[in-house]
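Here is the structure we will look at, set down as structure tokens.
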Amino acid sequence: MSVMVQTIRGPIAIEDLGLTLSHEHLTAGSGTMDRVPSVYNEDDAYAVNIEALARAKAAGVRSMIDLTTMDLGRQVRLLQRVADADTGVNIVCATGVYRWVPAYFMGRDPDDIAEFMLGEITEGIEGTGIRAGIIKLAWDLEYRLDEGPWSPRSALERCARGAARAAKAAGVPISCHTVATDELGTPLLDIFEEEGLDLAAVTIGHSNDTTDLDYLGRIAGRGANLGFDRYGGVRDDAENERRAALAKSMFDAGFGEQVSLGHDGSPYMRFGGIRPTNLDCWTGVPTHEVPWLREHGLTDEQIAGMTERSIRRTFEAAAGMRRG
Ligand SMILES: [Zn+2]
């Protein structure tokens, strides 16, 4: 039987994912931003998302992973409205926690954290029928603060253990925001390994923020997937070219089935203030990065390893853990 992937419109067969963006956000900001009218307006958020999704679909995008957790400004009513609009783009939404672990979870047992995540995966988010299909974690500068059981590092580690337990129980993958130059993929995979997780179900995101092929090779060598997901986030074309070239380097190193592409983009960005609306935030991969890879010798079949099969592999590995 085919593996099913939970989207905001319900489960779909994994074969139907098609070209999938690995790391995006319908909205991004703070967990309480919807209570501040000058920051968040749902009708505006809806309008820009519908247009940006239409442009993504026209460019060839079939699916996207929305990695916005509750504390990063996920808006479940907006997710419901977008689901009802039937945009033609499958959207997988996330449970999990962002980098400043909410006080509610600090010092908690990982099993309590897993229970919260499982609730959003199996029952629904905030009392709705929308279910999360993936777990998001975010390890950033806070990981450097390590002073006892209430330190940011301890909180992040407890969340990672909780995520691993929820992922195994529910059969869903984990996708991680990391600081690649701090090599945070390494301690994350260490915890997941201790928890008995199949590392093929894990995406180590923002990995193309580094140029260190040795580190990237070590992460992929352990079986994990690499998120090369900030394409187009920088206006500078040279930077985008560097990111495309890095994807090709990993392909050349034999890891073409373990790299996923995305933008970390949102048409409604409230992270770091109100940012200009970019309705083409989800088109850079299909309209620039994929053609660049083609021009530099990769076949469409090989490119599909990065745009389709790599993400499928994480869902298949996750489903396998639940069966196994
Ligand atoms: Zn992101």
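Ordered as shown in the structure tokens, chains take letters A, B, and onward, while each chain numbers its residues from 1 and ligands are numbered from 1 in the order shown.
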Report task. Quick one: everything within 12 Å of segment 289-292 of chain A, counting only C-alpha atoms, minus sequence neighbours fewer than 3 positions away in the same chain. Send it as an NGL selection string. Result -> :A and (19 or 59-61 or 228-232 or 237 or 239-248 or 260-263 or 282-286 or 295-307)
Put those residues in a file: N, CA and C atoms, as a compact mmCIF listing (two decimals), in the first residue's frame.
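For reference, part_0.txt as written:
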```
# COMPACT_ATOMS: atom_id res chain seq x y z
N LEU A 19 6.77 17.87 -7.80
CA LEU A 19 7.81 18.86 -7.44
C LEU A 19 7.43 19.50 -6.10
N ALA A 59 4.42 27.88 -12.17
CA ALA A 59 5.85 27.62 -12.41
C ALA A 59 6.19 26.13 -12.30
N GLY A 60 5.21 25.31 -11.88
CA GLY A 60 5.45 23.87 -11.84
C GLY A 60 5.49 23.25 -10.46
N VAL A 61 5.28 24.06 -9.42
CA VAL A 61 5.28 23.52 -8.05
C VAL A 61 3.99 22.73 -7.82
N PHE A 228 18.41 22.36 1.14
CA PHE A 228 19.10 23.48 0.46
C PHE A 228 18.00 24.48 0.11
N ASP A 229 17.66 25.30 1.08
CA ASP A 229 16.34 25.92 1.05
C ASP A 229 16.29 27.44 1.14
N ARG A 230 17.37 28.10 0.93
CA ARG A 230 17.24 29.57 0.97
C ARG A 230 17.52 30.16 -0.41
N TYR A 231 17.13 29.42 -1.44
CA TYR A 231 17.30 29.92 -2.80
C TYR A 231 16.40 31.14 -3.00
N GLY A 232 16.97 32.18 -3.58
CA GLY A 232 16.16 33.35 -3.88
C GLY A 232 15.92 34.24 -2.68
N ASP A 237 22.29 37.71 -7.36
CA ASP A 237 22.28 36.53 -8.23
C ASP A 237 23.49 35.63 -8.00
N GLU A 239 24.85 34.95 -5.23
CA GLU A 239 24.55 34.09 -4.08
C GLU A 239 23.63 32.94 -4.50
N ASN A 240 22.64 33.24 -5.34
CA ASN A 240 21.78 32.16 -5.83
C ASN A 240 22.57 31.16 -6.66
N GLU A 241 23.49 31.66 -7.45
CA GLU A 241 24.31 30.77 -8.28
C GLU A 241 25.16 29.87 -7.38
N ARG A 242 25.70 30.46 -6.31
CA ARG A 242 26.48 29.65 -5.37
C ARG A 242 25.63 28.52 -4.80
N ARG A 243 24.37 28.84 -4.46
CA ARG A 243 23.49 27.82 -3.87
C ARG A 243 23.16 26.72 -4.88
N ALA A 244 22.93 27.10 -6.12
CA ALA A 244 22.66 26.08 -7.15
C ALA A 244 23.91 25.23 -7.37
N ALA A 245 25.08 25.87 -7.38
CA ALA A 245 26.34 25.14 -7.61
C ALA A 245 26.61 24.17 -6.46
N LEU A 246 26.23 24.57 -5.25
CA LEU A 246 26.42 23.68 -4.10
C LEU A 246 25.55 22.42 -4.25
N ALA A 247 24.32 22.61 -4.74
CA ALA A 247 23.45 21.45 -4.98
C ALA A 247 24.09 20.52 -6.00
N LYS A 248 24.67 21.09 -7.04
CA LYS A 248 25.35 20.26 -8.04
C LYS A 248 26.56 19.54 -7.43
N SER A 260 17.17 18.47 -0.88
CA SER A 260 15.85 19.01 -1.22
C SER A 260 15.94 20.51 -1.37
N LEU A 261 15.12 21.04 -2.27
CA LEU A 261 15.24 22.46 -2.62
C LEU A 261 14.04 23.28 -2.13
N GLY A 262 14.31 24.50 -1.75
CA GLY A 262 13.25 25.40 -1.30
C GLY A 262 13.76 26.82 -1.18
N HIS A 263 12.90 27.70 -0.68
CA HIS A 263 13.25 29.13 -0.60
C HIS A 263 13.29 29.68 0.82
N TRP A 282 8.01 31.79 -4.19
CA TRP A 282 8.07 30.33 -4.34
C TRP A 282 8.36 29.89 -5.78
N THR A 283 8.88 30.80 -6.60
CA THR A 283 9.10 30.44 -8.01
C THR A 283 10.58 30.32 -8.38
N GLY A 284 11.49 30.75 -7.50
CA GLY A 284 12.91 30.75 -7.85
C GLY A 284 13.46 29.37 -8.17
N VAL A 285 13.04 28.36 -7.40
CA VAL A 285 13.55 27.00 -7.64
C VAL A 285 13.14 26.51 -9.03
N PRO A 286 11.83 26.52 -9.36
CA PRO A 286 11.47 25.98 -10.69
C PRO A 286 11.92 26.88 -11.86
N GLU A 295 21.29 23.38 -17.29
CA GLU A 295 22.37 23.97 -18.11
C GLU A 295 23.74 23.45 -17.71
N HIS A 296 23.85 23.00 -16.46
CA HIS A 296 25.15 22.52 -16.00
C HIS A 296 25.22 20.99 -16.00
N GLY A 297 24.40 20.39 -16.86
CA GLY A 297 24.61 18.98 -17.19
C GLY A 297 23.71 17.96 -16.54
N LEU A 298 22.82 18.37 -15.60
CA LEU A 298 21.95 17.37 -14.99
C LEU A 298 20.72 17.13 -15.86
N THR A 299 20.29 15.87 -15.93
CA THR A 299 19.07 15.55 -16.67
C THR A 299 17.86 15.85 -15.79
N ASP A 300 16.68 15.93 -16.41
CA ASP A 300 15.47 16.16 -15.63
C ASP A 300 15.25 15.05 -14.61
N GLU A 301 15.58 13.83 -15.01
CA GLU A 301 15.44 12.69 -14.10
C GLU A 301 16.35 12.84 -12.88
N GLN A 302 17.56 13.32 -13.10
CA GLN A 302 18.49 13.53 -11.98
C GLN A 302 18.03 14.68 -11.10
N ILE A 303 17.53 15.74 -11.71
CA ILE A 303 17.05 16.89 -10.94
C ILE A 303 15.85 16.48 -10.08
N ALA A 304 15.03 15.57 -10.61
CA ALA A 304 13.85 15.11 -9.84
C ALA A 304 14.28 14.41 -8.54
N GLY A 305 15.52 13.93 -8.49
CA GLY A 305 16.03 13.38 -7.23
C GLY A 305 16.00 14.43 -6.14
N MET A 306 16.25 15.67 -6.52
CA MET A 306 16.28 16.77 -5.53
C MET A 306 14.90 17.43 -5.35
N THR A 307 14.13 17.51 -6.42
CA THR A 307 12.86 18.23 -6.32
C THR A 307 11.69 17.33 -5.92
```
Compile a residue-level contact table for chain A against ligand 1 at a cut-off of 7 Å, reporting for every qualifying residue the shortest atom pair and its distance in Å to one decimal, with only C-alpha atoms and all ligand atoms counted, rows ordered by chain and ascending number, as a Markdown table.
```
| residue | atom | partner | partner_atom_place_in_ligand_line | distance |
| --- | --- | --- | --- | --- |
| A:His23 | CA | ligand 1 | 1 (Zn) | 6.0 |
| A:Glu24 | CA | ligand 1 | 1 (Zn) | 6.0 |
| A:His25 | CA | ligand 1 | 1 (Zn) | 6.5 |
| A:Leu67 | CA | ligand 1 | 1 (Zn) | 6.2 |
| A:His177 | CA | ligand 1 | 1 (Zn) | 6.7 |
| A:Asp264 | CA | ligand 1 | 1 (Zn) | 4.6 |
```
Next, dump the selected residues to file, keeping only N, CA and C atoms, as a PDB file, in the first residue's frame.
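Once written, selection-v5.pdb looks like this:
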```pdb
ATOM      1  N   HIS A  23      10.894  23.787   2.252  1.00  0.00           N
ATOM      2  CA  HIS A  23      10.884  24.629   3.460  1.00  0.00           C
ATOM      3  C   HIS A  23      10.307  26.002   3.113  1.00  0.00           C
ATOM      4  N   GLU A  24       9.024  26.199   3.413  1.00  0.00           N
ATOM      5  CA  GLU A  24       8.357  27.480   3.108  1.00  0.00           C
ATOM      6  C   GLU A  24       7.445  27.875   4.267  1.00  0.00           C
ATOM      7  N   HIS A  25       6.870  29.069   4.152  1.00  0.00           N
ATOM      8  CA  HIS A  25       5.983  29.589   5.200  1.00  0.00           C
ATOM      9  C   HIS A  25       4.844  30.382   4.578  1.00  0.00           C
ATOM     10  N   LEU A  67       6.752  25.067   7.108  1.00  0.00           N
ATOM     11  CA  LEU A  67       7.404  24.747   8.388  1.00  0.00           C
ATOM     12  C   LEU A  67       7.172  25.834   9.432  1.00  0.00           C
ATOM     13  N   HIS A 177      15.442  23.479  11.212  1.00  0.00           N
ATOM     14  CA  HIS A 177      16.164  24.720  10.947  1.00  0.00           C
ATOM     15  C   HIS A 177      17.474  24.603  11.731  1.00  0.00           C
ATOM     16  N   ASP A 264      12.653  28.979   1.783  1.00  0.00           N
ATOM     17  CA  ASP A 264      12.392  29.572   3.096  1.00  0.00           C
ATOM     18  C   ASP A 264      11.657  30.898   2.890  1.00  0.00           C
TER      19      ASP A 264
END
```
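Every residue of segment 277-320 of chain A found in alpha helix (DSSP H) when DSSP is run on the backbone appears here: A:Gly284, A:Val290, A:Pro291, A:Trp292, A:Leu293, A:Arg294, A:Glu295, A:Asp300, A:Glu301, A:Gln302, A:Ile303, A:Ala304, A:Ser310, A:Ile311, A:Arg312, A:Arg313, A:Thr314, A:Phe315, A:Glu316, A:Ala317, A:Ala318, A:Ala319, A:Gly320.
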**Report entry** DSSP-assigned strand (DSSP E or B) among segment 76-105 of chain A, expressed as a VMD selection string
**Finding:** chain A and resid 90 to 92 94 to 96
Query raised in the report: Which of these, A:Val259, A:Ala166, A:Leu293, A:Met269, has the shortest distance to Leu226 of chain A once you count only C-alpha atoms?
Result: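 Distance minimum relative to Leu226 of chain A lands on A:Val259.
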Report summary line: Nearest to Phe315 of chain A, restricted to only C-alpha atoms and choosing among A:Gly171, A:Gly10, A:Gly119, A:Gly227, comes out as A:Gly171
Query raised in the report: Pick the closest to Glu257 of chain A from A:Glu42, A:Glu126, A:Glu115, A:Glu308: which is it, counting only C-alpha atoms?
Result: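 Of all the options, A:Glu308 lies closest to Glu257 of chain A.
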Query raised in the report: Neighbours of segment 75-83 of chain A within 12 Å (only C-alpha atoms; same-chain residues fewer than 4 positions away dropped), as a VMD selection string?
Result: chain A and resid 7 to 10 25 to 35 40 to 54 66 to 71 87 to 95 120 124 to 132 268
Query - Test item: residues at most 8 Å from Ile204 of chain A, only C-alpha atoms, excluding those fewer than 3 positions along its chain, as number ranges by chain - result: A: 175-178, 185, 207, 224-227
**Report entry** Spatial neighbours of Lys168 of chain A, 7 Å, only C-alpha atoms, chain gap at least 6 places, as a ChimeraX atom specification
**Finding:** /A:197,318,321-322
Taking N, CA and C atoms for each residue, export the selection above as an mmCIF file, in the first residue's frame.
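Now in result-v6.cif:
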```cif
data_model
loop_
_atom_site.group_PDB
_atom_site.id
_atom_site.type_symbol
_atom_site.label_atom_id
_atom_site.label_comp_id
_atom_site.auth_asym_id
_atom_site.auth_seq_id
_atom_site.Cartn_x
_atom_site.Cartn_y
_atom_site.Cartn_z
ATOM 1 N N LEU A 197 15.811 6.798 15.979
ATOM 2 C CA LEU A 197 15.129 7.284 14.776
ATOM 3 C C LEU A 197 15.900 6.858 13.529
ATOM 4 N N ALA A 318 9.954 7.613 7.386
ATOM 5 C CA ALA A 318 9.151 7.862 8.590
ATOM 6 C C ALA A 318 8.026 6.844 8.696
ATOM 7 N N MET A 321 9.199 3.505 9.930
ATOM 8 C CA MET A 321 9.453 3.365 11.373
ATOM 9 C C MET A 321 8.202 2.948 12.116
ATOM 10 N N ARG A 322 7.064 3.474 11.676
ATOM 11 C CA ARG A 322 5.818 3.126 12.373
ATOM 12 C C ARG A 322 5.442 1.673 12.109
#
```
Report task. Extract, using only C-alpha atoms, all DNA, RNA and protein residues at most 9 Å from segment 102-110 of chain A, discarding same-chain residues fewer than 6 positions from it, and format them as a PyMOL selection string. Result -> chain A and resi 71+149-152+154-163+165
Those same residues - N, CA and C atoms - I'd like them written as a tab-separated table (two decimals), in the first residue's frame.
```
chain	number	residue	atom	x	y	z
A	71	ASP	N	4.51	28.77	17.47
A	71	ASP	CA	5.25	29.91	18.03
A	71	ASP	C	6.00	30.71	16.96
A	149	PRO	N	19.51	22.62	33.47
A	149	PRO	CA	18.28	22.07	32.89
A	149	PRO	C	17.29	23.12	32.36
A	150	TRP	N	17.46	24.41	32.74
A	150	TRP	CA	16.56	25.44	32.24
A	150	TRP	C	17.22	26.28	31.16
A	151	SER	N	18.36	25.85	30.67
A	151	SER	CA	19.06	26.64	29.65
A	151	SER	C	18.41	26.41	28.29
A	152	PRO	N	18.60	27.35	27.37
A	152	PRO	CA	18.07	27.17	26.02
A	152	PRO	C	18.53	25.85	25.39
A	154	SER	N	19.27	23.01	26.83
A	154	SER	CA	18.54	21.89	27.41
A	154	SER	C	17.11	21.82	26.85
A	155	ALA	N	16.48	23.00	26.70
A	155	ALA	CA	15.11	23.03	26.16
A	155	ALA	C	15.09	22.50	24.73
A	156	LEU	N	16.08	22.92	23.93
A	156	LEU	CA	16.13	22.46	22.54
A	156	LEU	C	16.36	20.96	22.47
A	157	GLU	N	17.20	20.46	23.36
A	157	GLU	CA	17.48	19.01	23.36
A	157	GLU	C	16.24	18.21	23.78
A	158	ARG	N	15.50	18.71	24.77
A	158	ARG	CA	14.28	18.02	25.19
A	158	ARG	C	13.26	18.00	24.05
A	159	CYS	N	13.17	19.12	23.33
A	159	CYS	CA	12.24	19.17	22.19
A	159	CYS	C	12.66	18.19	21.10
A	160	ALA	N	13.98	18.06	20.87
A	160	ALA	CA	14.45	17.13	19.84
A	160	ALA	C	14.11	15.69	20.22
A	161	ARG	N	14.26	15.38	21.51
A	161	ARG	CA	13.90	14.01	21.96
A	161	ARG	C	12.39	13.80	21.82
A	162	GLY	N	11.62	14.81	22.20
A	162	GLY	CA	10.16	14.71	22.06
A	162	GLY	C	9.77	14.54	20.60
A	163	ALA	N	10.42	15.31	19.72
A	163	ALA	CA	10.12	15.22	18.28
A	163	ALA	C	10.44	13.83	17.76
A	165	ARG	N	10.45	11.01	19.38
A	165	ARG	CA	9.46	10.04	19.88
A	165	ARG	C	8.12	10.19	19.15
```
